[in-house]
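This is target00.txt. It holds compact mmCIF, C-alpha atoms and all ligand atoms.
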```txt
# COMPACT_ATOMS: atom_id res chain seq x y z
CA MET A 9 -27.67 7.01 2.02
CA GLU A 10 -24.07 5.86 1.71
CA ILE A 11 -23.30 2.97 -0.64
CA GLY A 12 -19.95 1.29 -1.05
CA ILE A 13 -17.59 -1.54 -0.22
CA ASP A 14 -18.60 -3.51 2.85
CA LYS A 15 -16.16 -6.43 2.56
CA ILE A 16 -13.22 -7.40 0.31
CA GLY A 17 -12.01 -10.95 -0.31
CA PHE A 18 -8.96 -12.06 -2.28
CA TYR A 19 -7.65 -15.31 -3.67
CA THR A 20 -4.55 -16.17 -5.66
CA PRO A 21 -3.33 -19.67 -6.65
CA HIS A 22 -0.65 -21.46 -4.61
CA PHE A 23 2.10 -21.29 -7.27
CA TYR A 24 4.44 -18.45 -8.20
CA VAL A 25 7.54 -17.76 -10.26
CA ASP A 26 10.41 -15.63 -9.00
CA MET A 27 10.95 -12.75 -11.45
CA GLU A 28 14.71 -12.65 -10.98
CA LYS A 29 14.93 -16.30 -12.01
CA LEU A 30 12.58 -15.70 -14.94
CA ALA A 31 14.80 -12.82 -16.07
CA HIS A 32 17.90 -15.05 -16.01
CA ALA A 33 16.04 -17.73 -17.98
CA ARG A 34 15.12 -15.09 -20.59
CA ASP A 35 18.69 -13.67 -20.79
CA THR A 36 17.38 -10.38 -19.42
CA ASP A 37 18.91 -8.13 -16.77
CA PRO A 38 16.80 -8.80 -13.62
CA GLY A 39 16.72 -5.01 -13.07
CA LYS A 40 14.30 -4.77 -15.99
CA TYR A 41 11.69 -7.02 -14.36
CA LEU A 42 12.30 -5.96 -10.74
CA VAL A 43 12.66 -2.19 -11.28
CA GLY A 44 11.79 -1.42 -14.93
CA ILE A 45 8.52 -3.40 -14.73
CA GLY A 46 8.35 -3.44 -10.93
CA GLN A 47 7.38 -7.06 -10.33
CA GLU A 48 9.00 -9.50 -7.86
CA LYS A 49 6.82 -12.61 -8.15
CA MET A 50 4.17 -13.76 -10.59
CA ALA A 51 1.22 -15.98 -9.64
CA VAL A 52 0.68 -19.06 -11.80
CA ALA A 53 -2.64 -20.93 -11.91
CA PRO A 54 -2.71 -24.74 -12.07
CA THR A 55 -5.35 -26.32 -14.36
CA THR A 56 -7.53 -26.89 -11.28
CA GLN A 57 -8.02 -23.10 -11.05
CA ASP A 58 -9.87 -20.95 -13.56
CA SER A 59 -11.69 -17.62 -13.33
CA VAL A 60 -14.74 -19.31 -11.76
CA THR A 61 -12.91 -21.23 -9.02
CA MET A 62 -10.72 -18.24 -8.13
CA ALA A 63 -13.76 -15.96 -7.85
CA ALA A 64 -15.61 -18.52 -5.72
CA ASN A 65 -12.58 -18.89 -3.43
CA ALA A 66 -12.41 -15.10 -2.99
CA ALA A 67 -16.18 -14.88 -2.35
CA LEU A 68 -16.24 -17.69 0.21
CA GLU A 69 -13.64 -15.83 2.24
CA ILE A 70 -16.05 -12.95 2.99
CA LEU A 71 -19.64 -14.15 2.79
CA ASP A 72 -21.47 -15.11 5.99
CA ASP A 73 -24.94 -16.67 6.17
CA GLU A 74 -26.62 -13.27 6.43
CA ASP A 75 -24.82 -12.03 3.29
CA LYS A 76 -25.81 -15.17 1.37
CA GLN A 77 -29.47 -14.39 2.12
CA ALA A 78 -29.14 -10.65 1.34
CA VAL A 79 -27.20 -10.91 -1.94
CA ASP A 80 -29.67 -10.62 -4.82
CA MET A 81 -27.22 -9.81 -7.59
CA VAL A 82 -23.92 -11.44 -8.57
CA LEU A 83 -21.86 -9.49 -11.12
CA PHE A 84 -18.80 -11.24 -12.50
CA GLY A 85 -16.18 -9.08 -14.21
CA THR A 86 -13.75 -11.15 -16.25
CA GLU A 87 -11.96 -11.28 -19.58
CA THR A 88 -10.97 -14.93 -19.14
CA GLY A 89 -14.42 -16.42 -18.80
CA VAL A 90 -14.79 -20.16 -19.33
CA ASP A 91 -17.92 -20.34 -21.49
CA HIS A 92 -19.23 -18.22 -24.35
CA SER A 93 -22.84 -18.53 -23.12
CA LYS A 94 -23.12 -19.32 -19.46
CA SER A 95 -21.83 -16.65 -17.10
CA GLY A 96 -19.26 -17.40 -14.41
CA ALA A 97 -21.60 -15.57 -12.04
CA VAL A 98 -24.08 -18.49 -12.09
CA TRP A 99 -21.41 -20.99 -11.07
CA VAL A 100 -20.11 -18.70 -8.32
CA HIS A 101 -23.67 -18.05 -7.13
CA HIS A 102 -24.04 -21.82 -6.63
CA LEU A 103 -20.55 -22.50 -5.23
CA ALA A 104 -20.89 -19.66 -2.72
CA GLY A 105 -24.36 -20.81 -1.57
CA ILE A 106 -26.25 -17.60 -2.38
CA GLN A 107 -30.06 -17.66 -2.09
CA PRO A 108 -31.81 -18.39 -5.43
CA ARG A 109 -33.90 -15.19 -5.89
CA ALA A 110 -30.95 -13.44 -7.46
CA ARG A 111 -29.71 -11.99 -10.75
CA ALA A 112 -26.36 -13.35 -12.01
CA VAL A 113 -24.45 -12.05 -15.02
CA GLU A 114 -20.93 -11.70 -16.46
CA LEU A 115 -19.52 -8.36 -17.65
CA LYS A 116 -16.66 -7.88 -20.10
CA GLN A 117 -14.56 -4.86 -21.00
CA ALA A 118 -10.98 -6.01 -20.43
CA CYS A 119 -9.75 -4.95 -16.98
CA TYR A 120 -12.66 -2.54 -16.52
CA GLY A 121 -15.39 -5.20 -15.96
CA ALA A 122 -15.40 -5.17 -12.15
CA THR A 123 -15.59 -1.36 -12.04
CA ALA A 124 -18.63 -1.40 -14.34
CA ALA A 125 -20.11 -3.99 -11.95
CA ILE A 126 -19.54 -1.76 -8.93
CA GLN A 127 -21.26 1.18 -10.61
CA LEU A 128 -24.24 -1.00 -11.59
CA ALA A 129 -24.38 -2.30 -8.03
CA MET A 130 -24.50 1.28 -6.70
CA GLY A 131 -27.60 2.01 -8.81
CA HIS A 132 -29.26 -1.25 -7.77
CA ILE A 133 -28.71 -0.58 -4.08
CA ALA A 134 -29.92 3.02 -4.39
CA LEU A 135 -33.28 1.54 -5.50
CA ASN A 136 -33.14 -1.46 -3.13
CA PRO A 137 -31.34 -0.39 0.05
CA GLU A 138 -31.71 -3.79 1.73
CA SER A 139 -29.94 -5.60 -1.12
CA LYS A 140 -26.31 -6.61 -1.23
CA VAL A 141 -24.42 -7.17 -4.47
CA LEU A 142 -21.50 -9.55 -4.88
CA VAL A 143 -19.01 -8.13 -7.38
CA LEU A 144 -16.22 -10.38 -8.65
CA GLY A 145 -13.09 -9.59 -10.65
CA SER A 146 -11.25 -12.77 -11.61
CA ASP A 147 -8.71 -13.48 -14.33
CA ILE A 148 -5.65 -15.37 -15.51
CA ALA A 149 -3.33 -13.04 -17.48
CA LYS A 150 -1.44 -14.93 -20.19
CA TYR A 151 0.68 -13.42 -22.96
CA GLY A 152 2.90 -16.33 -23.95
CA LEU A 153 6.28 -17.76 -23.02
CA ARG A 154 9.16 -15.45 -24.05
CA SER A 155 6.71 -12.74 -25.19
CA GLY A 156 7.15 -9.06 -24.27
CA GLY A 157 4.15 -9.31 -21.96
CA GLU A 158 5.41 -12.45 -20.16
CA PRO A 159 6.71 -10.59 -17.06
CA THR A 160 3.30 -8.92 -16.69
CA GLN A 161 1.23 -12.09 -16.30
CA GLY A 162 -0.53 -13.20 -13.11
CA ALA A 163 -3.67 -14.85 -11.71
CA GLY A 164 -6.16 -14.10 -8.98
CA ALA A 165 -9.57 -12.83 -7.94
CA VAL A 166 -11.10 -10.16 -5.77
CA ALA A 167 -14.64 -10.36 -4.33
CA LEU A 168 -16.37 -7.18 -3.16
CA LEU A 169 -19.57 -7.01 -1.19
CA ILE A 170 -21.38 -3.78 -2.11
CA SER A 171 -24.08 -2.55 0.24
CA ALA A 172 -25.75 0.43 1.88
CA ASN A 173 -23.98 1.68 5.03
CA PRO A 174 -20.70 0.04 4.00
CA ARG A 175 -18.09 -0.68 6.66
CA ILE A 176 -14.94 -0.09 4.57
CA LEU A 177 -15.34 2.55 1.83
CA ALA A 178 -18.33 4.80 1.04
CA LEU A 179 -18.19 5.54 -2.69
CA ASP A 180 -18.65 9.10 -3.95
CA LYS A 181 -21.44 9.61 -6.48
CA GLU A 182 -19.28 11.47 -9.03
CA GLN A 183 -17.16 9.69 -11.64
CA ALA A 184 -15.32 10.72 -14.81
CA LEU A 185 -15.39 8.37 -17.82
CA LEU A 186 -13.78 7.91 -21.22
CA THR A 187 -14.48 5.32 -23.94
CA GLU A 188 -12.50 5.18 -27.19
CA ASP A 189 -12.28 2.41 -29.80
CA ILE A 190 -8.54 1.57 -29.83
CA MET A 191 -6.49 -1.61 -30.33
CA ASP A 192 -3.90 -1.50 -27.55
CA PHE A 193 -4.60 -4.98 -26.14
CA TRP A 194 -7.10 -7.63 -27.21
CA ARG A 195 -7.67 -11.40 -27.27
CA PRO A 196 -9.43 -12.90 -30.29
CA ILE A 197 -11.98 -15.64 -29.48
CA HIS A 198 -9.66 -18.40 -30.83
CA SER A 199 -6.68 -17.47 -28.64
CA ASP A 200 -5.98 -18.14 -24.97
CA LYS A 201 -3.15 -15.59 -25.09
CA ALA A 202 -3.55 -11.82 -25.28
CA PHE A 203 -2.21 -9.71 -28.15
CA VAL A 204 -0.81 -6.34 -27.24
CA ASP A 205 0.78 -3.22 -28.67
CA GLY A 206 2.84 -2.69 -25.53
CA LYS A 207 4.09 0.85 -26.08
CA PHE A 208 0.71 2.08 -27.33
CA SER A 209 -1.05 0.44 -24.38
CA ASN A 210 1.21 2.32 -21.94
CA GLU A 211 0.61 5.61 -23.72
CA SER A 212 -3.16 5.01 -23.87
CA TYR A 213 -3.27 4.17 -20.15
CA ILE A 214 -1.59 7.48 -19.29
CA LYS A 215 -3.75 9.46 -21.72
CA PHE A 216 -6.93 7.92 -20.31
CA PHE A 217 -5.74 8.56 -16.76
CA THR A 218 -4.93 12.24 -17.26
CA THR A 219 -8.18 12.81 -19.20
CA VAL A 220 -10.48 11.31 -16.57
CA TRP A 221 -8.51 12.81 -13.70
CA ASN A 222 -8.86 16.31 -15.18
CA GLU A 223 -12.55 15.78 -15.75
CA TYR A 224 -13.03 14.44 -12.21
CA LYS A 225 -11.38 17.59 -10.82
CA GLU A 226 -13.61 19.81 -12.94
CA LYS A 227 -16.78 17.94 -11.93
CA THR A 228 -16.04 17.79 -8.20
CA GLY A 229 -13.83 20.81 -7.50
CA ARG A 230 -11.50 18.41 -5.67
CA THR A 231 -7.73 18.46 -6.24
CA LEU A 232 -4.82 16.13 -5.53
CA ASP A 233 -4.50 17.74 -2.10
CA ASP A 234 -7.94 16.25 -1.26
CA MET A 235 -6.68 12.71 -1.84
CA ALA A 236 -5.15 10.59 0.93
CA ALA A 237 -4.13 8.04 -1.74
CA ILE A 238 -4.75 7.08 -5.34
CA CYS A 239 -5.02 3.42 -6.32
CA PHE A 240 -4.43 2.43 -9.93
CA HIS A 241 -5.25 -0.47 -12.16
CA LEU A 242 -1.85 -2.18 -12.05
CA PRO A 243 -0.90 -4.29 -15.08
CA TYR A 244 2.57 -4.02 -13.49
CA THR A 245 3.54 -1.74 -10.64
CA LYS A 246 5.72 0.62 -12.72
CA MET A 247 2.63 1.53 -14.80
CA GLY A 248 0.79 3.27 -11.96
CA ARG A 249 4.02 4.98 -10.97
CA LYS A 250 4.39 6.38 -14.51
CA ALA A 251 0.80 7.64 -14.58
CA PHE A 252 1.12 9.18 -11.13
CA ARG A 253 4.25 11.07 -12.27
CA ALA A 254 2.12 12.84 -14.89
CA ILE A 255 0.08 14.65 -12.19
CA ILE A 256 2.01 14.47 -8.90
CA ASP A 257 3.37 18.03 -9.24
CA GLU A 258 -0.18 19.33 -8.81
CA ALA A 259 0.03 18.55 -5.07
CA SER A 260 1.84 20.52 -2.38
CA GLU A 261 5.25 19.11 -1.45
CA GLU A 262 3.99 17.66 1.81
CA VAL A 263 1.05 15.94 0.09
CA GLN A 264 3.35 14.64 -2.67
CA GLU A 265 5.51 12.88 -0.09
CA SER A 266 2.55 11.25 1.58
CA LEU A 267 0.92 10.24 -1.75
CA LYS A 268 4.20 8.65 -2.87
CA GLN A 269 4.39 6.68 0.40
CA ARG A 270 0.77 5.53 0.00
CA TYR A 271 1.55 4.47 -3.58
CA GLU A 272 4.33 2.18 -2.33
CA GLU A 273 1.86 0.65 0.14
CA SER A 274 -0.78 0.22 -2.55
CA ILE A 275 1.44 -2.01 -4.70
CA ALA A 276 2.47 -4.48 -1.97
CA TYR A 277 0.26 -7.36 -3.13
CA ASN A 278 0.34 -6.53 -6.85
CA LYS A 279 4.11 -6.79 -7.08
CA VAL A 280 4.07 -10.37 -5.78
CA VAL A 281 0.94 -11.49 -7.68
CA GLY A 282 1.16 -9.81 -11.10
CA ASN A 283 -1.63 -8.60 -13.31
CA ILE A 284 -5.00 -10.08 -12.37
CA TYR A 285 -6.78 -7.86 -14.94
CA THR A 286 -10.29 -7.07 -13.56
CA GLY A 287 -9.24 -7.45 -9.93
CA SER A 288 -5.95 -5.50 -10.14
CA LEU A 289 -7.27 -2.11 -9.04
CA TYR A 290 -9.06 -3.68 -6.08
CA LEU A 291 -5.99 -5.72 -5.15
CA SER A 292 -4.15 -2.40 -4.99
CA LEU A 293 -6.87 -0.96 -2.72
CA LEU A 294 -6.54 -4.06 -0.55
CA SER A 295 -2.75 -3.61 -0.37
CA LEU A 296 -3.18 -0.02 0.76
CA LEU A 297 -5.75 -0.87 3.43
CA GLU A 298 -4.07 -4.04 4.70
CA GLN A 299 -0.37 -3.32 4.30
CA GLY A 300 -0.31 0.47 4.61
CA GLU A 301 -0.26 2.96 7.41
CA GLU A 302 -3.62 3.33 9.16
CA LEU A 303 -5.69 6.02 7.43
CA THR A 304 -8.13 8.30 9.21
CA GLU A 305 -11.92 8.20 9.02
CA GLY A 306 -13.11 10.16 6.00
CA ALA A 307 -9.77 9.94 4.18
CA ARG A 308 -10.53 10.09 0.47
CA ILE A 309 -9.08 7.46 -1.88
CA GLY A 310 -9.08 8.01 -5.64
CA LEU A 311 -9.46 4.97 -7.90
CA PHE A 312 -8.37 4.75 -11.53
CA SER A 313 -9.79 1.87 -13.55
CA TYR A 314 -8.54 1.11 -17.08
CA GLY A 315 -9.66 -1.63 -19.43
CA SER A 316 -7.89 -1.82 -22.78
CA GLY A 317 -9.88 -1.33 -25.90
CA ALA A 318 -10.58 1.03 -24.04
CA VAL A 319 -12.61 2.39 -21.11
CA GLY A 320 -11.17 4.49 -18.29
CA GLU A 321 -12.87 5.74 -15.15
CA PHE A 322 -11.77 7.83 -12.18
CA PHE A 323 -13.91 7.65 -9.05
CA SER A 324 -13.36 7.90 -5.33
CA GLY A 325 -14.56 6.98 -1.87
CA THR A 326 -14.09 7.88 1.77
CA LEU A 327 -12.92 5.51 4.47
CA LYS A 328 -15.27 4.48 7.25
CA ALA A 329 -14.29 4.60 10.92
CA GLY A 330 -12.95 1.25 12.12
CA TYR A 331 -12.45 -0.15 8.59
CA GLN A 332 -9.35 -1.97 9.87
CA GLN A 333 -11.53 -4.46 11.80
CA TYR A 334 -12.92 -5.79 8.52
CA MET A 335 -9.61 -6.28 6.73
CA LEU A 336 -8.09 -9.77 6.41
CA GLY A 337 -4.44 -8.75 6.09
CA GLU A 338 -2.94 -11.56 8.16
CA LYS A 339 -4.86 -14.19 6.25
CA HIS A 340 -3.83 -12.74 2.89
CA GLN A 341 -0.18 -12.49 3.91
CA GLU A 342 -0.32 -16.12 5.02
CA MET A 343 -1.83 -17.18 1.68
CA LEU A 344 1.00 -15.39 -0.16
CA ASP A 345 3.72 -16.74 2.18
CA ASN A 346 2.46 -20.34 1.86
CA ARG A 347 2.72 -20.42 -1.93
CA LYS A 348 5.10 -22.84 -3.61
CA GLU A 349 7.80 -21.47 -5.89
CA LEU A 350 7.90 -23.12 -9.33
CA SER A 351 11.12 -23.65 -11.25
CA ILE A 352 11.06 -22.05 -14.69
CA GLU A 353 10.67 -25.55 -16.22
CA GLU A 354 7.66 -26.30 -13.97
CA TYR A 355 6.10 -22.93 -14.84
CA GLU A 356 6.57 -23.51 -18.57
CA ASP A 357 5.08 -26.97 -18.22
CA ILE A 358 1.96 -25.64 -16.42
CA PHE A 359 1.71 -22.78 -18.92
CA GLU A 360 1.43 -25.26 -21.81
CA GLN A 361 -1.19 -27.43 -20.09
CA SER A 362 -4.76 -26.95 -21.22
CA LEU A 363 -8.12 -28.68 -21.03
CA PRO A 364 -9.07 -30.96 -23.95
CA THR A 365 -10.66 -29.17 -26.91
CA ASP A 366 -11.73 -32.35 -28.75
CA GLY A 367 -14.62 -33.25 -26.43
CA SER A 368 -12.70 -35.89 -24.47
CA ALA A 369 -13.04 -36.11 -20.70
CA ILE A 370 -10.36 -35.24 -18.16
CA GLU A 371 -10.06 -35.79 -14.43
CA LEU A 372 -7.75 -33.36 -12.63
CA GLU A 373 -5.61 -33.98 -9.56
CA VAL A 374 -7.64 -31.92 -7.10
CA GLU A 375 -5.82 -33.23 -4.02
CA LYS A 376 -2.71 -31.32 -5.12
CA ASP A 377 -4.57 -27.98 -4.96
CA PRO A 378 -5.10 -26.64 -1.39
CA ALA A 379 -7.93 -24.26 -2.42
CA PRO A 380 -11.48 -25.08 -1.23
CA VAL A 381 -13.06 -24.63 -4.67
CA VAL A 382 -11.38 -26.41 -7.59
CA LEU A 383 -12.09 -27.59 -11.09
CA ALA A 384 -12.26 -31.39 -10.77
CA GLY A 385 -12.43 -32.14 -14.47
CA VAL A 386 -14.48 -31.97 -17.63
CA ARG A 387 -16.99 -34.59 -18.74
CA ASP A 388 -19.40 -34.40 -21.71
CA GLU A 389 -18.07 -30.85 -22.32
CA ILE A 390 -19.25 -29.84 -18.83
CA ARG A 391 -16.86 -28.37 -16.27
CA GLU A 392 -17.15 -30.07 -12.90
CA TYR A 393 -16.53 -27.73 -10.00
CA ILE A 394 -16.31 -28.91 -6.42
CA ASN A 395 -16.11 -27.22 -3.06
CA LYS A 396 -13.98 -29.55 -0.96
P1 LIG A 401 9.34 -4.10 -23.07
O1 LIG A 401 9.44 -3.54 -24.43
O2 LIG A 401 9.80 -5.49 -22.87
O3 LIG A 401 10.08 -3.24 -22.00
O4 LIG A 401 7.80 -4.00 -22.67
P2 LIG A 401 10.81 -1.82 -22.14
O5 LIG A 401 12.00 -1.95 -22.99
O6 LIG A 401 9.78 -0.76 -22.45
O7 LIG A 401 11.29 -1.68 -20.63
C1 LIG A 401 10.38 -1.57 -19.60
C2 LIG A 401 10.99 -0.63 -18.57
O8 LIG A 401 12.12 -1.26 -17.98
C3 LIG A 401 11.52 0.68 -19.17
O9 LIG A 401 11.24 1.69 -18.22
C4 LIG A 401 13.02 0.46 -19.22
O10 LIG A 401 13.78 1.65 -19.19
C5 LIG A 401 13.23 -0.35 -17.98
P3 LIG A 401 10.20 2.90 -18.57
O11 LIG A 401 10.73 3.58 -19.76
O12 LIG A 401 8.87 2.21 -18.87
O13 LIG A 401 10.15 3.72 -17.34
N1 LIG A 401 14.46 -1.16 -17.94
C6 LIG A 401 15.24 -1.29 -16.85
N2 LIG A 401 15.13 -0.77 -15.62
C7 LIG A 401 16.10 -1.11 -14.70
N3 LIG A 401 17.13 -1.94 -14.98
C8 LIG A 401 17.27 -2.48 -16.22
C9 LIG A 401 16.30 -2.16 -17.23
N4 LIG A 401 16.11 -2.52 -18.51
C10 LIG A 401 14.98 -1.89 -18.94
N5 LIG A 401 18.28 -3.29 -16.49
C11 LIG A 401 5.72 -3.79 -21.58
C12 LIG A 401 7.24 -3.63 -21.45
C13 LIG A 401 5.06 -3.35 -20.29
C14 LIG A 401 5.21 -2.91 -22.71
C15 LIG A 401 5.40 -5.28 -21.87
O14 LIG A 401 5.73 -6.07 -20.78
C16 LIG A 401 3.94 -5.51 -22.24
O15 LIG A 401 3.56 -5.43 -23.40
N6 LIG A 401 3.06 -5.85 -21.23
C17 LIG A 401 1.64 -6.07 -21.46
C18 LIG A 401 0.89 -4.78 -21.77
C19 LIG A 401 0.67 -3.91 -20.56
O16 LIG A 401 0.76 -4.34 -19.42
N7 LIG A 401 0.32 -2.63 -20.80
C20 LIG A 401 0.03 -1.70 -19.74
C21 LIG A 401 -1.05 -0.69 -20.09
S1 LIG A 401 -2.50 -1.45 -20.77
C22 LIG A 401 -3.38 -2.05 -19.40
O17 LIG A 401 -3.09 -1.72 -18.30
C23 LIG A 401 -4.49 -3.01 -19.67
C24 LIG A 401 -4.18 -4.47 -19.41
O18 LIG A 401 -4.18 -4.72 -18.02
C25 LIG A 401 -5.20 -5.35 -20.13
C26 LIG A 401 -6.67 -5.13 -19.86
O19 LIG A 401 -7.19 -4.04 -19.78
O20 LIG A 401 -7.35 -6.16 -19.87
C27 LIG A 401 -2.83 -4.87 -19.94
```

Rewrite the structure of this file - the entire thing - as C-alpha cells.
Ligand code: HMG
Amino acid sequence: MEIGIDKIGFYTPHFYVDMEKLAHARDTDPGKYLVGIGQEKMAVAPTTQDSVTMAANAALEILDDEDKQAVDMVLFGTETGVDHSKSGAVWVHHLAGIQPRARAVELKQACYGATAAIQLAMGHIALNPESKVLVLGSDIAKYGLRSGGEPTQGAGAVALLISANPRILALDKEQALLTEDIMDFWRPIHSDKAFVDGKFSNESYIKFFTTVWNEYKEKTGRTLDDMAAICFHLPYTKMGRKAFRAIIDEASEEVQESLKQRYEESIAYNKVVGNIYTGSLYLSLLSLLEQGEELTEGARIGLFSYGSGAVGEFFSGTLKAGYQQYMLGEKHQEMLDNRKELSIEEYEDIFEQSLPTDGSAIELEVEKDPAPVVLAGVRDEIREYINK
C-alpha cells in the first residue's frame, strides 16, 4: 500500500518587507541579502496571526467534508507554539471542523517537527488504511531587529493531508536519520527571539545533510542520478544551494544541469516568504510542484529536513500521475501578489508589538486582517480565535 501526501495547503500573512529596502535601512549592501542570503521578500505576521491561526488557514484551504470525517489524527509541528500545555493541534482541530474521534498533539524539534509528524502519520496509516492524518508546520521566525539573523525571518504555515493512495507524492519507506546534541540555534522559554551561532548552524546543516545523504544512498542503493529533484529545509535560499554544492558533482553532467534547474524552481516561494521553520521544506516542495516544470509520473524527489539542536533526516517520494490537478498554484501566487508591502518603520513597529503578559485583556483589530481565521484577542488569559 502506498502512503504519502494527498493534499498540500499553504498560508502566509498579508504583510511583507522588501529585502533591498531592509538592507538599505541596515547600511548593508543589498547584494548580501538578495544574493548572499538569497531572499527577496520577508513575510511579517500581524498580532492577529500566530502559529495556530496560520496553521488553521492553511488547513482550511485543503480540507473538504469527506477529509474532515476521515481525519483521526492532527499533528502540529511548531517551535513557536502559543501555550506551554495545550497543543495548537486541538485549536486547529476545532477551527478546521474535524470530527471529534481524533488524536491531536503538538511536536517540537525546531524545524524538524513536521517531518517527525509525517513519519508518525505513515505508521498510523499503515495500521489504519482508512485514516487520514492532518500534519501542520506553522511558525513565525524572529531573531530581532538589527540582529545577524534578521534577514532570515519569515512567517507561514503548510498543511499536509497524509493518506493511503495519495494523489501527489507516495513516500518511500526508507529514511536516513541523525540526532546530535548541539547548540547551533535555540530559544529559551523566556524569549520570543531565537539565539543562534550562525556560522556553526550553517556548518552543522551541511554536515547533517552530507551524513544522512550518504547513509540514504547506502541503505537504498540509489544515487543522485535517481533523483528528479532535491528539496531542502530552507532557512534562507542560499543555504540549500550551499548544501547541494557539497554533493552535486556525484551526478552526471546532464543530471547536474536538471537538478540545478529544479533547485531554482524549488525556492520560488521561499525566497519571497522567508524562513517558516517547520513548514520550510514543504514550502520548497510546493514551489517545485506549483512553479516548476511539469515532472513525470514516478519522478523521485529527495527531501532533506533539518531542525537545529539537532535532528536531520533524508527521505524521498515518487510523484503520482496527474498530481498537477491537485496543486493550488494560482491561488498561492494570488495570495503572495496581494500582500501589502510594509515600510521599514511599519515592520519595526509590528515587530515590537506583543500580547499582554500581565494578565490584562486585549481586543485586536480583526477587520484589518483578510485571513479567515484570526486571533481576535485575549481575555482571562485565554486566546480567542475566530473563523470569520
Ligand atoms: P552573516 O554573518 O550576517 O552573513 O550571517 P555572512 O557575512 O556570512 O554573509 C552571508 C553570505 O553573503 C556570504 O556568502 C557572503 O559572502 C555573502 P557565503 O559565504 O555564505 O556563500 N555576501 C554577499 N554576497 C553578494 N553581495 C554582497 C555580499 N556581502 C556578503 N555584497 C547567517 C548569515 C545566515 C549566518 C545569519 O543570517 C543567521 O545567523 N541566520 C540564522 C541562522 C540560520 O539560518 N542558519 C542556517 C542553518 S540552521 C537551520 O537551518 C535551522 C533553522 O531553520 C532553525 C530551526 O531548525 O528551527 C535556522

For the contact check between chain A and ligand LIG 401 (chain A), emit one row per residue of chain A within 8 Å, containing the shortest atom pair and the distance in Å rounded to one decimal, counting all atoms listed in the file, chain then rising number order, as a Markdown table.
```
| residue | atom | partner | partner_atom | distance |
| --- | --- | --- | --- | --- |
| A:Thr36 | CA | A:LIG401 | N5 | 7.7 |
| A:Asp37 | CA | A:LIG401 | N5 | 4.9 |
| A:Pro38 | CA | A:LIG401 | N5 | 6.4 |
| A:Gly39 | CA | A:LIG401 | N3 | 3.6 |
| A:Lys40 | CA | A:LIG401 | C9 | 3.5 |
| A:Tyr41 | CA | A:LIG401 | O8 | 6.8 |
| A:Leu42 | CA | A:LIG401 | C7 | 7.3 |
| A:Val43 | CA | A:LIG401 | C7 | 5.0 |
| A:Gly44 | CA | A:LIG401 | O8 | 3.1 |
| A:Ile45 | CA | A:LIG401 | O8 | 5.3 |
| A:Glu87 | CA | A:LIG401 | O20 | 6.9 |
| A:Gln117 | CA | A:LIG401 | O20 | 7.4 |
| A:Ala118 | CA | A:LIG401 | O20 | 3.7 |
| A:Cys119 | CA | A:LIG401 | O19 | 3.9 |
| A:Tyr120 | CA | A:LIG401 | O19 | 6.5 |
| A:Tyr151 | CA | A:LIG401 | C17 | 7.6 |
| A:Gly156 | CA | A:LIG401 | O2 | 4.7 |
| A:Gly157 | CA | A:LIG401 | N6 | 3.7 |
| A:Glu158 | CA | A:LIG401 | O14 | 6.4 |
| A:Pro159 | CA | A:LIG401 | O14 | 5.9 |
| A:Thr160 | CA | A:LIG401 | N6 | 5.5 |
| A:Gln161 | CA | A:LIG401 | C17 | 7.9 |
| A:Asp192 | CA | A:LIG401 | S1 | 6.9 |
| A:Phe193 | CA | A:LIG401 | C25 | 6.1 |
| A:Trp194 | CA | A:LIG401 | O20 | 7.5 |
| A:Val204 | CA | A:LIG401 | O15 | 5.9 |
| A:Asp205 | CA | A:LIG401 | O15 | 6.4 |
| A:Gly206 | CA | A:LIG401 | O15 | 3.5 |
| A:Lys207 | CA | A:LIG401 | C14 | 5.2 |
| A:Phe208 | CA | A:LIG401 | C21 | 7.9 |
| A:Ser209 | CA | A:LIG401 | S1 | 4.3 |
| A:Asn210 | CA | A:LIG401 | C21 | 4.2 |
| A:Glu211 | CA | A:LIG401 | C21 | 7.5 |
| A:Ser212 | CA | A:LIG401 | C21 | 7.2 |
| A:Tyr213 | CA | A:LIG401 | C21 | 5.3 |
| A:His241 | CA | A:LIG401 | O17 | 6.6 |
| A:Leu242 | CA | A:LIG401 | O17 | 6.4 |
| A:Pro243 | CA | A:LIG401 | O18 | 4.4 |
| A:Tyr244 | CA | A:LIG401 | O16 | 6.2 |
| A:Lys246 | CA | A:LIG401 | O12 | 7.1 |
| A:Met247 | CA | A:LIG401 | C20 | 6.4 |
| A:Lys250 | CA | A:LIG401 | O13 | 6.9 |
| A:Asn283 | CA | A:LIG401 | O18 | 6.6 |
| A:Ile284 | CA | A:LIG401 | O18 | 7.8 |
| A:Tyr285 | CA | A:LIG401 | O18 | 5.1 |
| A:Thr286 | CA | A:LIG401 | O20 | 7.0 |
| A:Tyr314 | CA | A:LIG401 | O19 | 6.0 |
| A:Gly315 | CA | A:LIG401 | O19 | 3.5 |
| A:Ser316 | CA | A:LIG401 | O19 | 3.8 |
| A:Gly317 | CA | A:LIG401 | O19 | 7.2 |
| A:Ala318 | CA | A:LIG401 | O19 | 7.4 |
```

**Request:** Would you work out the distance separating CA of Thr228 in chain A from CA of Gln269 in chain A, expressed in Å to one decimal?
**Result:** 24.8 Å

**Asked** Which is closer to Gly152 in chain A than all the others in A:Glu182, A:Glu272, A:Asp35, A:Glu356, using only C-alpha atoms?
**Response** A:Glu356

**Prompt:** Leaving out Val143 in chain A and any residue of its chain fewer than 4 positions from it, which residues lie within 12 Å of it when counting all atoms listed in the file, given as a PyMOL selection string?
**Reply:** chain A and resi 12-18+63-64+66-67+70-71+79-86+96-97+100-101+111-115+121-130+165-171+286-287+290

Return as a Markdown table the residues of range 135-249 of chain A lying at most 10 Å from range 357-373 of chain A, together with the closest atom-to-atom pair for each and the distance in Å to one decimal, counting all atoms listed in the file, with rows in chain order and ascending residue number.
```
| residue | atom | partner | partner_atom | distance |
| --- | --- | --- | --- | --- |
| A:Lys150 | CA | A:Phe359 | CA | 8.6 |
| A:Gly152 | CA | A:Phe359 | CA | 8.3 |
| A:Leu153 | CA | A:Phe359 | CA | 7.9 |
| A:Asp200 | CA | A:Ser362 | CA | 9.7 |
```

**Request:** For CA of Leu185 in chain A and CA of Lys215 in chain A, determine how far apart the two atoms are, in Å to one decimal place.
**Result:**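 Between CA of Leu185 in chain A and CA of Lys215 in chain A the gap is 12.3 Å.
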